[in-house]
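Structure file work.cif with mmCIF, C-alpha atoms:
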```
data_coords
loop_
_atom_site.label_atom_id
_atom_site.label_comp_id
_atom_site.auth_asym_id
_atom_site.auth_seq_id
_atom_site.Cartn_x
_atom_site.Cartn_y
_atom_site.Cartn_z
CA MET A 1 -140.39 38.49 -17.24
CA ARG A 2 -141.28 37.08 -13.86
CA PRO A 3 -140.03 33.65 -12.95
CA VAL A 4 -142.58 30.88 -12.99
CA PRO A 5 -143.66 30.20 -9.40
CA ALA A 6 -142.71 26.83 -8.03
CA ALA A 7 -145.52 24.30 -8.09
CA LYS A 8 -147.32 24.07 -4.79
CA GLN A 9 -146.45 20.98 -2.89
CA GLY A 10 -148.41 19.12 -0.28
CA ALA A 11 -147.27 18.85 3.29
CA ALA A 12 -143.54 18.26 3.37
CA ARG A 13 -142.64 14.63 4.00
CA THR A 14 -140.31 14.26 6.88
CA GLU A 15 -138.06 11.51 8.08
CA GLN A 16 -136.93 11.09 11.65
CA ILE A 17 -133.16 11.00 11.92
CA ILE A 18 -130.57 10.60 14.62
CA LEU A 19 -127.61 12.98 14.54
CA PHE A 20 -124.52 11.31 15.91
CA ARG A 21 -120.77 11.84 16.06
CA VAL A 22 -117.97 9.61 14.89
CA GLY A 23 -114.38 10.75 15.24
CA GLY A 24 -115.76 14.17 16.16
CA GLU A 25 -117.67 14.54 12.86
CA LEU A 26 -121.43 14.86 12.59
CA PHE A 27 -123.51 12.32 10.65
CA ALA A 28 -127.19 11.44 10.39
CA VAL A 29 -128.95 8.10 10.16
CA SER A 30 -132.61 7.36 9.69
CA SER A 31 -134.01 6.38 13.08
CA ALA A 32 -135.95 3.61 11.31
CA SER A 33 -132.58 2.07 10.40
CA VAL A 34 -131.47 1.79 14.01
CA GLN A 35 -132.76 -1.35 15.64
CA GLU A 36 -131.07 -0.84 18.96
CA VAL A 37 -128.80 1.62 20.75
CA ARG A 38 -126.54 0.19 23.42
CA GLY A 39 -123.75 1.44 25.59
CA VAL A 40 -120.34 0.00 24.81
CA ASP A 41 -120.07 -1.17 28.42
CA SER A 42 -123.26 -3.19 28.16
CA LEU A 43 -121.98 -4.82 24.98
CA GLY A 44 -118.85 -6.11 26.69
CA GLY A 45 -120.36 -9.36 27.92
CA SER A 46 -121.94 -10.36 24.64
CA ALA A 47 -119.13 -9.28 22.30
CA THR A 48 -116.45 -11.69 21.16
CA GLU A 49 -113.08 -10.46 19.99
CA LEU A 50 -111.90 -11.78 16.64
CA SER A 51 -108.48 -13.35 16.98
CA GLN A 52 -107.62 -12.76 13.31
CA PRO A 53 -109.65 -9.79 12.13
CA GLY A 54 -109.82 -9.69 8.34
CA LEU A 55 -110.68 -5.99 8.37
CA ARG A 56 -109.06 -3.37 10.56
CA LYS A 57 -112.38 -1.70 11.24
CA VAL A 58 -113.99 -4.88 12.59
CA ARG A 59 -112.54 -6.30 15.78
CA HIS A 60 -115.57 -7.78 17.50
CA ILE A 61 -118.71 -9.72 16.75
CA VAL A 62 -121.99 -9.99 18.60
CA ARG A 63 -124.35 -12.96 18.30
CA ARG A 64 -127.94 -11.82 18.00
CA GLY A 65 -130.87 -14.11 17.39
CA GLY A 66 -128.78 -16.78 15.74
CA LYS A 67 -126.89 -14.43 13.45
CA THR A 68 -123.48 -12.86 13.69
CA VAL A 69 -123.33 -9.09 13.74
CA TYR A 70 -120.02 -7.39 12.99
CA VAL A 71 -119.05 -4.41 15.14
CA VAL A 72 -117.65 -1.71 12.84
CA ASN A 73 -115.43 1.04 14.18
CA GLY A 74 -117.04 4.10 12.60
CA ALA A 75 -113.94 6.27 12.86
CA MET A 76 -111.81 3.71 11.01
CA HIS A 77 -114.52 3.25 8.40
CA PHE A 78 -114.57 6.97 7.58
CA GLY A 79 -110.80 7.40 7.95
CA LEU A 80 -111.16 9.68 10.96
CA PRO A 81 -109.00 9.86 14.07
CA THR A 82 -110.15 7.18 16.47
CA THR A 83 -111.94 8.43 19.56
CA PRO A 84 -113.31 6.41 22.46
CA ALA A 85 -116.67 5.00 21.38
CA ALA A 86 -119.47 5.29 23.91
CA LEU A 87 -122.41 3.80 22.03
CA VAL A 88 -123.26 1.13 19.50
CA PHE A 89 -126.01 1.31 16.87
CA VAL A 90 -127.29 -2.10 15.81
CA LEU A 91 -128.41 -1.35 12.26
CA ARG A 92 -131.65 -2.89 11.07
CA GLY A 93 -131.57 -5.13 8.01
CA THR A 94 -127.79 -5.43 8.09
CA ARG A 95 -125.18 -7.44 9.94
CA THR A 96 -123.55 -4.26 11.20
CA ALA A 97 -123.29 -2.74 14.64
CA LEU A 98 -121.66 0.69 14.50
CA LEU A 99 -119.39 2.11 17.19
CA ILE A 100 -120.02 5.84 17.61
CA ASP A 101 -118.84 8.62 19.92
CA GLY A 102 -122.35 9.57 20.97
CA ILE A 103 -125.74 10.86 19.93
CA GLU A 104 -126.12 14.58 19.33
CA LYS A 105 -129.90 14.73 19.04
CA MET A 106 -132.95 13.39 17.23
CA THR A 107 -134.61 15.56 14.66
CA ALA A 108 -136.47 15.42 11.34
CA MET A 109 -135.30 16.14 7.83
CA THR A 110 -137.62 17.32 5.11
CA ARG A 111 -135.23 17.04 2.20
CA LEU A 112 -132.49 14.63 1.24
CA GLN A 113 -130.34 15.69 -1.68
CA ALA A 114 -128.59 12.95 -3.61
CA LEU A 115 -124.83 13.01 -3.19
CA PRO A 116 -123.45 15.20 -6.00
CA LYS A 117 -121.87 13.13 -8.75
CA ALA A 118 -118.55 14.92 -8.24
CA PHE A 119 -118.18 12.59 -5.25
CA CYS A 120 -117.23 9.51 -7.19
CA ASN A 121 -115.45 7.12 -4.85
CA GLU A 122 -116.28 4.98 -1.81
CA GLU A 123 -118.45 7.73 -0.31
CA ARG A 124 -121.15 6.84 -2.84
CA GLN A 125 -121.67 3.61 -0.86
CA TRP A 126 -121.34 5.37 2.48
CA TYR A 127 -124.10 7.95 2.10
CA ARG A 128 -127.75 8.03 1.05
CA GLY A 129 -127.32 11.74 0.46
CA LEU A 130 -126.89 15.10 2.16
CA THR A 131 -129.32 17.18 4.16
CA SER A 132 -129.25 20.80 5.29
CA LEU A 133 -129.91 21.18 8.99
CA ASP A 134 -129.50 24.23 11.22
CA GLN A 135 -127.43 26.08 8.60
CA SER A 136 -125.14 23.11 8.21
CA VAL A 137 -124.84 20.19 5.81
CA VAL A 138 -124.90 16.69 7.23
CA PRO A 139 -124.24 13.44 5.37
CA VAL A 140 -126.95 10.82 5.88
CA VAL A 141 -125.34 7.41 6.13
CA ALA A 142 -126.51 4.30 4.31
CA PRO A 143 -126.75 1.46 6.87
CA GLU A 144 -125.70 -1.11 4.28
CA GLY A 145 -122.68 0.99 3.33
CA PHE A 146 -120.53 0.09 6.33
CA LEU A 147 -119.79 -3.41 5.10
CA THR A 148 -119.88 -4.36 1.44
CA PRO A 149 -121.09 -7.87 0.54
CA GLU A 150 -117.45 -8.72 -0.25
CA GLU A 151 -116.35 -7.55 3.20
CA VAL A 152 -119.10 -9.58 4.87
CA ALA A 153 -118.03 -12.64 2.88
CA LEU A 154 -114.42 -12.07 3.93
CA LEU A 155 -115.41 -11.71 7.57
CA ASP A 156 -117.65 -14.80 7.38
CA ALA A 157 -114.83 -16.83 5.89
CA GLY A 158 -112.41 -15.63 8.56
CA LEU A 159 -114.88 -16.40 11.30
CA GLN A 160 -115.58 -19.86 9.94
CA SER A 161 -111.88 -20.66 9.78
CA GLU A 162 -111.46 -19.30 13.32
CA GLU A 163 -114.27 -21.51 14.61
CA THR A 164 -112.89 -24.54 12.78
CA THR A 165 -109.49 -23.94 14.32
CA GLU A 166 -111.03 -23.55 17.76
CA ALA A 167 -113.05 -26.75 17.34
CA GLY A 168 -109.92 -28.57 16.22
CA THR A 169 -108.02 -27.24 19.19
CA ASP A 170 -110.80 -28.34 21.53
CA ASP A 171 -110.77 -31.83 19.99
CA GLU A 172 -107.02 -32.04 20.36
CA GLU A 173 -107.24 -30.90 23.95
CA THR A 174 -109.97 -33.43 24.64
CA GLU A 175 -107.92 -36.20 23.12
CA TRP A 176 -104.86 -35.04 24.97
CA THR A 177 -106.68 -34.99 28.32
CA GLN A 178 -108.04 -38.38 27.68
CA MET B 1 -116.78 19.81 -51.52
CA SER B 2 -116.55 20.46 -47.78
CA GLN B 3 -115.20 23.74 -46.50
CA PRO B 4 -113.03 23.91 -43.35
CA ALA B 5 -115.13 25.01 -40.37
CA GLU B 6 -114.69 28.70 -39.67
CA PRO B 7 -114.10 29.79 -36.10
CA ARG B 8 -117.31 31.07 -34.57
CA VAL B 9 -117.55 33.94 -32.11
CA GLN B 10 -118.83 32.66 -28.77
CA SER B 11 -119.28 34.10 -25.29
CA PHE B 12 -116.83 33.06 -22.61
CA VAL B 13 -116.39 33.84 -18.95
CA LEU B 14 -112.81 34.72 -18.09
CA LEU B 15 -111.78 33.64 -14.61
CA ARG B 16 -108.60 34.15 -12.69
CA LEU B 17 -106.73 31.57 -10.64
CA GLY B 18 -103.84 33.29 -8.91
CA GLU B 19 -102.03 35.15 -11.69
CA ARG B 20 -103.36 33.03 -14.55
CA ARG B 21 -106.51 33.47 -16.58
CA PHE B 22 -108.72 30.73 -17.99
CA ALA B 23 -112.00 30.71 -19.88
CA ILE B 24 -115.19 28.66 -19.72
CA ALA B 25 -118.01 28.80 -22.28
CA ALA B 26 -120.56 31.26 -20.92
CA ASN B 27 -123.45 28.86 -21.49
CA GLN B 28 -121.94 26.60 -18.83
CA ILE B 29 -121.89 29.31 -16.15
CA ALA B 30 -124.73 30.06 -13.73
CA GLU B 31 -123.33 32.77 -11.49
CA LEU B 32 -120.40 34.10 -9.48
CA VAL B 33 -121.03 33.93 -5.75
CA PRO B 34 -119.24 35.58 -2.82
CA PRO B 35 -117.08 33.67 -0.37
CA SER B 36 -119.30 31.09 1.26
CA ARG B 37 -118.94 28.67 4.10
CA VAL B 38 -117.60 25.34 2.90
CA PHE B 39 -119.08 22.34 4.70
CA ARG B 40 -116.77 19.37 4.93
CA PHE B 41 -117.44 15.72 5.74
CA PRO B 42 -115.47 12.52 5.23
CA HIS B 43 -115.14 11.31 1.66
CA ARG B 44 -112.55 9.81 -0.70
CA THR B 45 -112.56 12.19 -3.66
CA PRO B 46 -109.53 14.42 -3.12
CA GLU B 47 -110.51 16.92 -5.84
CA VAL B 48 -113.66 17.82 -3.92
CA GLU B 49 -113.03 20.17 -1.05
CA GLY B 50 -116.52 20.16 0.43
CA VAL B 51 -119.89 21.64 -0.41
CA ILE B 52 -121.55 25.04 -0.30
CA VAL B 53 -125.26 25.77 -0.13
CA ARG B 54 -126.55 27.99 -2.92
CA ARG B 55 -130.23 28.79 -3.49
CA GLY B 56 -131.20 25.83 -1.34
CA ARG B 57 -129.05 23.40 -3.28
CA ILE B 58 -125.92 21.66 -2.07
CA VAL B 59 -123.12 22.27 -4.56
CA PRO B 60 -119.75 20.50 -4.48
CA VAL B 61 -116.64 22.69 -4.41
CA CYS B 62 -114.10 21.32 -6.89
CA ASP B 63 -110.57 22.47 -6.25
CA VAL B 64 -109.13 22.90 -9.74
CA GLY B 65 -106.23 25.11 -8.60
CA GLY B 66 -103.93 22.19 -7.93
CA ARG B 67 -104.32 20.90 -11.46
CA LEU B 68 -104.27 24.26 -13.26
CA ILE B 69 -101.77 26.37 -11.33
CA GLY B 70 -100.12 23.82 -9.06
CA ARG B 71 -101.69 25.03 -5.82
CA SER B 72 -105.07 25.42 -4.15
CA LEU B 73 -106.56 28.85 -3.60
CA LYS B 74 -106.65 29.33 0.14
CA SER B 75 -107.08 33.08 0.46
CA LEU B 76 -110.26 35.10 -0.07
CA ARG B 77 -111.95 33.71 -3.14
CA LEU B 78 -115.20 33.68 -5.00
CA TYR B 79 -117.06 30.69 -6.41
CA LEU B 80 -117.97 30.35 -10.04
CA ILE B 81 -121.00 28.07 -10.31
CA ALA B 82 -120.73 26.07 -13.50
CA LEU B 83 -122.65 23.28 -15.18
CA ARG B 84 -120.87 19.93 -15.26
CA ARG B 85 -122.31 17.22 -17.48
CA TYR B 86 -122.52 13.61 -16.41
CA GLY B 87 -123.79 11.65 -19.37
CA ALA B 88 -127.47 12.45 -19.77
CA GLN B 89 -127.53 14.55 -16.61
CA ALA B 90 -125.83 17.71 -15.46
CA GLU B 91 -125.13 19.22 -12.06
CA TRP B 92 -123.75 22.45 -10.73
CA VAL B 93 -120.21 22.53 -9.40
CA ALA B 94 -118.50 25.42 -7.63
CA LEU B 95 -115.02 26.44 -8.77
CA PRO B 96 -112.97 28.64 -6.43
CA VAL B 97 -111.61 31.63 -8.37
CA THR B 98 -109.57 34.70 -7.54
CA GLY B 99 -111.53 37.93 -7.86
CA GLU B 100 -114.11 38.99 -10.39
CA CYS B 101 -114.79 37.35 -13.73
CA GLU B 102 -115.28 38.96 -17.11
CA LEU B 103 -117.65 38.13 -19.97
CA ILE B 104 -116.07 38.36 -23.44
CA ASN B 105 -116.85 37.36 -26.99
CA ALA B 106 -114.08 35.59 -28.82
CA GLU B 107 -113.28 32.94 -31.38
CA MET B 108 -112.06 29.66 -29.98
CA SER B 109 -109.52 27.43 -31.67
CA LEU B 110 -110.18 23.81 -30.87
CA ALA B 111 -107.66 21.92 -28.77
CA SER B 112 -105.27 19.56 -30.47
CA SER B 113 -104.41 16.02 -29.45
CA ALA B 114 -101.26 17.39 -27.84
CA ASP B 115 -103.28 19.42 -25.34
CA SER B 116 -104.31 18.14 -21.92
CA PRO B 117 -107.80 16.63 -21.72
CA HIS B 118 -109.01 19.53 -19.60
CA VAL B 119 -108.30 21.96 -22.48
CA ALA B 120 -111.34 22.40 -24.74
CA GLY B 121 -109.62 25.01 -26.87
CA TRP B 122 -107.74 28.27 -26.95
CA LEU B 123 -108.69 31.88 -27.42
CA SER B 124 -106.81 35.08 -27.79
CA HIS B 125 -107.81 38.06 -25.68
CA ALA B 126 -106.03 41.32 -24.85
CA GLY B 127 -102.71 39.94 -25.96
CA ASP B 128 -103.00 36.73 -23.97
CA VAL B 129 -103.59 33.21 -25.22
CA ILE B 130 -106.06 31.66 -22.81
CA GLU B 131 -107.03 28.04 -22.19
CA VAL B 132 -110.73 27.26 -22.52
CA LEU B 133 -111.54 24.66 -19.89
CA ASN B 134 -113.35 21.38 -20.41
CA LEU B 135 -115.14 20.92 -17.10
CA ASN B 136 -115.96 17.29 -17.81
CA ALA B 137 -112.27 16.46 -17.84
CA LEU B 138 -111.25 18.94 -15.16
CA THR B 139 -113.67 18.04 -12.39
CA PRO B 140 -114.21 14.59 -10.89
CA GLY B 141 -117.08 12.31 -11.76
CA PRO B 142 -117.90 8.74 -12.64
CA SER B 143 -115.96 7.61 -15.68
CA ASP B 144 -118.89 6.02 -17.50
CA THR B 145 -120.46 9.25 -18.73
CA GLY B 146 -120.84 10.11 -22.35
CA ALA B 147 -123.67 11.98 -24.01
CA PRO B 148 -124.16 15.66 -23.22
CA ALA B 149 -127.22 16.95 -21.41
CA ALA B 150 -129.21 20.13 -21.62
CA THR B 151 -130.45 20.83 -18.13
CA PRO B 152 -129.19 20.38 -14.60
CA ALA B 153 -130.40 17.24 -12.94
CA ALA B 154 -132.88 17.72 -10.15
CA GLU B 155 -131.95 14.45 -8.57
CA GLU B 156 -133.39 14.19 -5.16
CA ALA B 157 -133.76 11.32 -2.82
CA ARG B 158 -137.09 11.25 -1.04
CA PRO B 159 -136.96 11.17 2.73
#
```
Represent the supplied structure as structure tokens.
Amino acid sequence: MRPVPAAKQGAARTEQIILFRVGGELFAVSSASVQEVRGVDSLGGSATELSQPGLRKVRHIVRRGGKTVYVVNGAMHFGLPTTPAALVFVLRGTRTALLIDGIEKMTAMTRLQALPKAFCNEERQWYRGLTSLDQSVVPVVAPEGFLTPEEVALLDAGLQSEETTEAGTDDEETEWTQ
Amino acid sequence: MSQPAEPRVQSFVLLRLGERRFAIAANQIAELVPPSRVFRFPHRTPEVEGVIVRRGRIVPVCDVGGRLIGRSLKSLRLYLIALRRYGAQAEWVALPVTGECELINAEMSLASSADSPHVAGWLSHAGDVIEVLNLNALTPGPSDTGAPAATPAAEEARP
């Protein structure tokens, strides 16, 4: 008996993706999810270092359009050896800017396979799925997976307390100088 | 009056891990594939070694050697593609095995409460008593799965 032929499909839907490296490993992200790509050097002036970081992977913040964006070290997030980051992705619709080693290339994917259910831990938040590209398999990251709502709340609370302390210190200094 | 259930002859695939043999119900097995390239990426499920690509699908490689024989199979190995159920869905998983597998017909005795969860039962073959594996307990997956499923899930995210 001959196998039933697969149903004909229309033109394959594609999605533009950016292949990038973190800690030497290859990942993909939808280019629609990346609002901005900046060099780490150009970020220097606008980034503020957190004096008491609540999460190891977040050491800096950037203020953008009245909101605070947390700079996530991609290598620490994925548990990879830390490498010097060259670029930052500001991720659309999130409060995350992601430190990466560099961009490999831009390409298109035609198929995204859901992460197999055997993967049953944190990686389920990290990835939208897997795609086959150039005889390789690349995980496609979920932009909202770099910081959970709980982590954002923790960072917000830490930042608020830091700002309160700073304001208090400023007041004390002002009083003292008076 | 109810009669005790008689053992029923079923088909099993015998697989080898190192020097030990195990069995899996044949209706859970898709194929035995040659050594394939394992693609690895960061994740937090230690029992999953990576993924292989088979017939256009990405299949997780579940290292069951550590649990069954106390070590992973690192040398030349084949992959047994088996069906793993997750509640109402099912997916293929790849199990590294040593050498060829064998299809047999045998009667299985059900596991007792003293057996490990990954033991579905026991069968006797060629003088050996062989563990029949329960893939749902042996391979990782979300813990909230219950009812069995009939077909592999074709879960696909749309780009």
Chain A contacts on chain B, all atoms listed in the file, 12 Å, as a PyMOL selection string: chain B and resi 37-63+83-87+89-94+135-145+152-159
From B:Gly121, B:Gly66, B:Pro34, B:Pro96, residue lying nearest Met108 (chain B) [only C-alpha atoms]: B:Gly121
Nearest residue to Ile69 (chain B) out of B:Leu17, B:Leu133, B:Cys101, B:Val33, using all atoms listed in the file? B:Leu17
Might you pull out every residue within 9 Å of Leu110 (chain B), with only C-alpha atoms counted and same-chain residues fewer than 6 positions away left off, and present them as a PDB file with C-alpha atoms, keeping the file's coordinate frame?
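Saved as selection17.pdb:
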```pdb
ATOM      1  CA  PRO B   7    -114.100  29.790 -36.100  1.00  0.00           C
ATOM      2  CA  VAL B 119    -108.300  21.960 -22.480  1.00  0.00           C
ATOM      3  CA  ALA B 120    -111.340  22.400 -24.740  1.00  0.00           C
ATOM      4  CA  GLY B 121    -109.620  25.010 -26.870  1.00  0.00           C
ATOM      5  CA  TRP B 122    -107.740  28.270 -26.950  1.00  0.00           C
ATOM      6  CA  LEU B 123    -108.690  31.880 -27.420  1.00  0.00           C
TER       7      LEU B 123
END
```
Name the residues that the PyMOL selection byres ((chain B and resi 78) around 7) pulls out of this structure, and write them as a short mmCIF file (atom, residue, chain, number, x, y, z; two decimals) with C-alpha atoms, in the coordinates of the input.
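File produced: expr-v8.cif:
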```cif
data_model
loop_
_atom_site.label_atom_id
_atom_site.label_comp_id
_atom_site.auth_asym_id
_atom_site.auth_seq_id
_atom_site.Cartn_x
_atom_site.Cartn_y
_atom_site.Cartn_z
CA LEU B 32 -120.40 34.10 -9.48
CA VAL B 33 -121.03 33.93 -5.75
CA PRO B 34 -119.24 35.58 -2.82
CA PRO B 35 -117.08 33.67 -0.37
CA ARG B 77 -111.95 33.71 -3.14
CA TYR B 79 -117.06 30.69 -6.41
CA LEU B 80 -117.97 30.35 -10.04
CA PRO B 96 -112.97 28.64 -6.43
CA VAL B 97 -111.61 31.63 -8.37
CA THR B 98 -109.57 34.70 -7.54
CA GLY B 99 -111.53 37.93 -7.86
#
```
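This file gives the following result for the PyMOL selection byres ((chain A and resi 151) around 12): Pro53, Gly54, Leu55, Arg56, Lys57, Val58, Tyr70, Val72, Arg95, Thr96, Glu144, Gly145, Phe146, Leu147, Thr148, Pro149, Glu150, Val152, Ala153, Leu154, Leu155, Asp156, Ala157 and Gly158 of chain A.
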The PyMOL selection byres ((chain A and resi 105) around 9) applied to the shown file, residues as a PyMOL selection string: chain A and resi 17-20+103-104+106-107
Here CA of Thr94 (chain A) and CA of Ser33 (chain A) stand apart by 9.2 Å
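We find CA of Pro117 (chain B) and CA of Val64 (chain B) to be spaced 13.6 Å apart.
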Edge lengths and centre in Å to one decimal, as AutoDock Vina command-line options, of the axis-aligned box that encloses all listed atoms of region 56-62 of chain A with 6 Å added on every side?
```
--center_x -115.5 --center_y -5.8 --center_z 14.6 --size_x 24.9 --size_y 20.3 --size_z 20.0
```
Counting only C-alpha atoms, select every polymer residue within 12 Å of (-120.2, 33.9, -23.3) as defined in the file's coordinates, and provide the selection as an MDAnalysis selection string. chainID B and resid 8:14 23:30 101:108 132
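One distance worth recording is that between CA of Ile61 (chain A) and CA of Thr48 (chain A), which is 5.3 Å.
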Can we get region 10-93 of chain A of that structure written down with C-alpha atoms, as a compact mmCIF listing (two decimals), in the first residue's frame?
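Dumped everything to part.txt:
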```
# COMPACT_ATOMS: atom_id res chain seq x y z
CA GLY A 10 0.25 26.96 -0.04
CA ALA A 11 3.38 29.04 -0.18
CA ALA A 12 5.45 28.38 2.91
CA ARG A 13 5.12 31.12 5.50
CA THR A 14 8.43 32.47 6.52
CA GLU A 15 9.64 34.53 9.43
CA GLN A 16 12.71 36.72 9.36
CA ILE A 17 15.12 35.81 12.13
CA ILE A 18 18.45 37.00 13.42
CA LEU A 19 21.03 34.33 14.23
CA PHE A 20 23.26 35.46 17.07
CA ARG A 21 25.79 34.03 19.49
CA VAL A 22 25.82 34.07 23.25
CA GLY A 23 28.64 32.38 25.14
CA GLY A 24 29.71 30.89 21.81
CA GLU A 25 26.35 29.16 21.23
CA LEU A 26 24.03 29.90 18.34
CA PHE A 27 20.47 31.15 18.92
CA ALA A 28 17.76 32.74 16.79
CA VAL A 29 15.32 35.54 17.52
CA SER A 30 12.53 36.89 15.39
CA SER A 31 13.76 40.12 13.84
CA ALA A 32 10.32 41.61 14.60
CA SER A 33 11.13 41.15 18.29
CA VAL A 34 14.27 43.25 18.12
CA GLN A 35 13.52 46.92 18.48
CA GLU A 36 17.08 48.11 18.36
CA VAL A 37 20.62 46.76 18.03
CA ARG A 38 23.35 48.76 19.69
CA GLY A 39 27.03 48.37 20.32
CA VAL A 40 27.99 47.90 23.95
CA ASP A 41 30.30 50.91 23.68
CA SER A 42 27.47 53.17 22.58
CA LEU A 43 25.37 51.98 25.50
CA GLY A 44 27.99 53.04 28.04
CA GLY A 45 26.79 56.60 28.43
CA SER A 46 23.14 55.76 28.91
CA ALA A 47 23.53 52.68 31.11
CA THR A 48 23.45 52.90 34.88
CA GLU A 49 25.08 50.26 37.04
CA LEU A 50 22.92 48.78 39.77
CA SER A 51 24.64 49.09 43.12
CA GLN A 52 22.74 46.12 44.59
CA PRO A 53 21.77 43.86 41.72
CA GLY A 54 19.00 41.48 42.75
CA LEU A 55 19.85 39.08 39.94
CA ARG A 56 23.34 38.06 38.90
CA LYS A 57 22.44 38.28 35.23
CA VAL A 58 21.28 41.91 35.47
CA ARG A 59 23.92 44.48 36.35
CA HIS A 60 22.78 47.53 34.42
CA ILE A 61 19.67 49.42 33.47
CA VAL A 62 18.93 51.75 30.60
CA ARG A 63 16.23 54.42 30.69
CA ARG A 64 14.28 54.50 27.45
CA GLY A 65 11.26 56.66 26.82
CA GLY A 66 10.35 56.93 30.47
CA LYS A 67 10.70 53.24 31.24
CA THR A 68 13.49 51.22 32.76
CA VAL A 69 14.98 48.48 30.64
CA TYR A 70 17.05 45.79 32.34
CA VAL A 71 20.25 44.68 30.61
CA VAL A 72 20.43 40.88 30.81
CA ASN A 73 23.72 39.05 30.41
CA GLY A 74 22.74 36.34 27.92
CA ALA A 75 25.57 34.00 28.86
CA MET A 76 24.59 34.05 32.54
CA HIS A 77 20.94 33.58 31.65
CA PHE A 78 21.68 30.40 29.69
CA GLY A 79 24.35 29.18 32.12
CA LEU A 80 27.12 29.52 29.53
CA PRO A 81 30.70 30.67 30.03
CA THR A 82 30.75 34.45 29.98
CA THR A 83 32.33 36.01 26.92
CA PRO A 84 32.85 39.68 26.15
CA ALA A 85 29.56 41.04 24.84
CA ALA A 86 29.79 43.26 21.77
CA LEU A 87 26.15 44.06 21.07
CA VAL A 88 22.86 44.66 22.83
CA PHE A 89 19.41 43.73 21.53
CA VAL A 90 16.64 45.91 22.93
CA LEU A 91 13.71 43.50 22.80
CA ARG A 92 10.36 44.86 21.68
CA GLY A 93 7.41 44.55 24.04
```
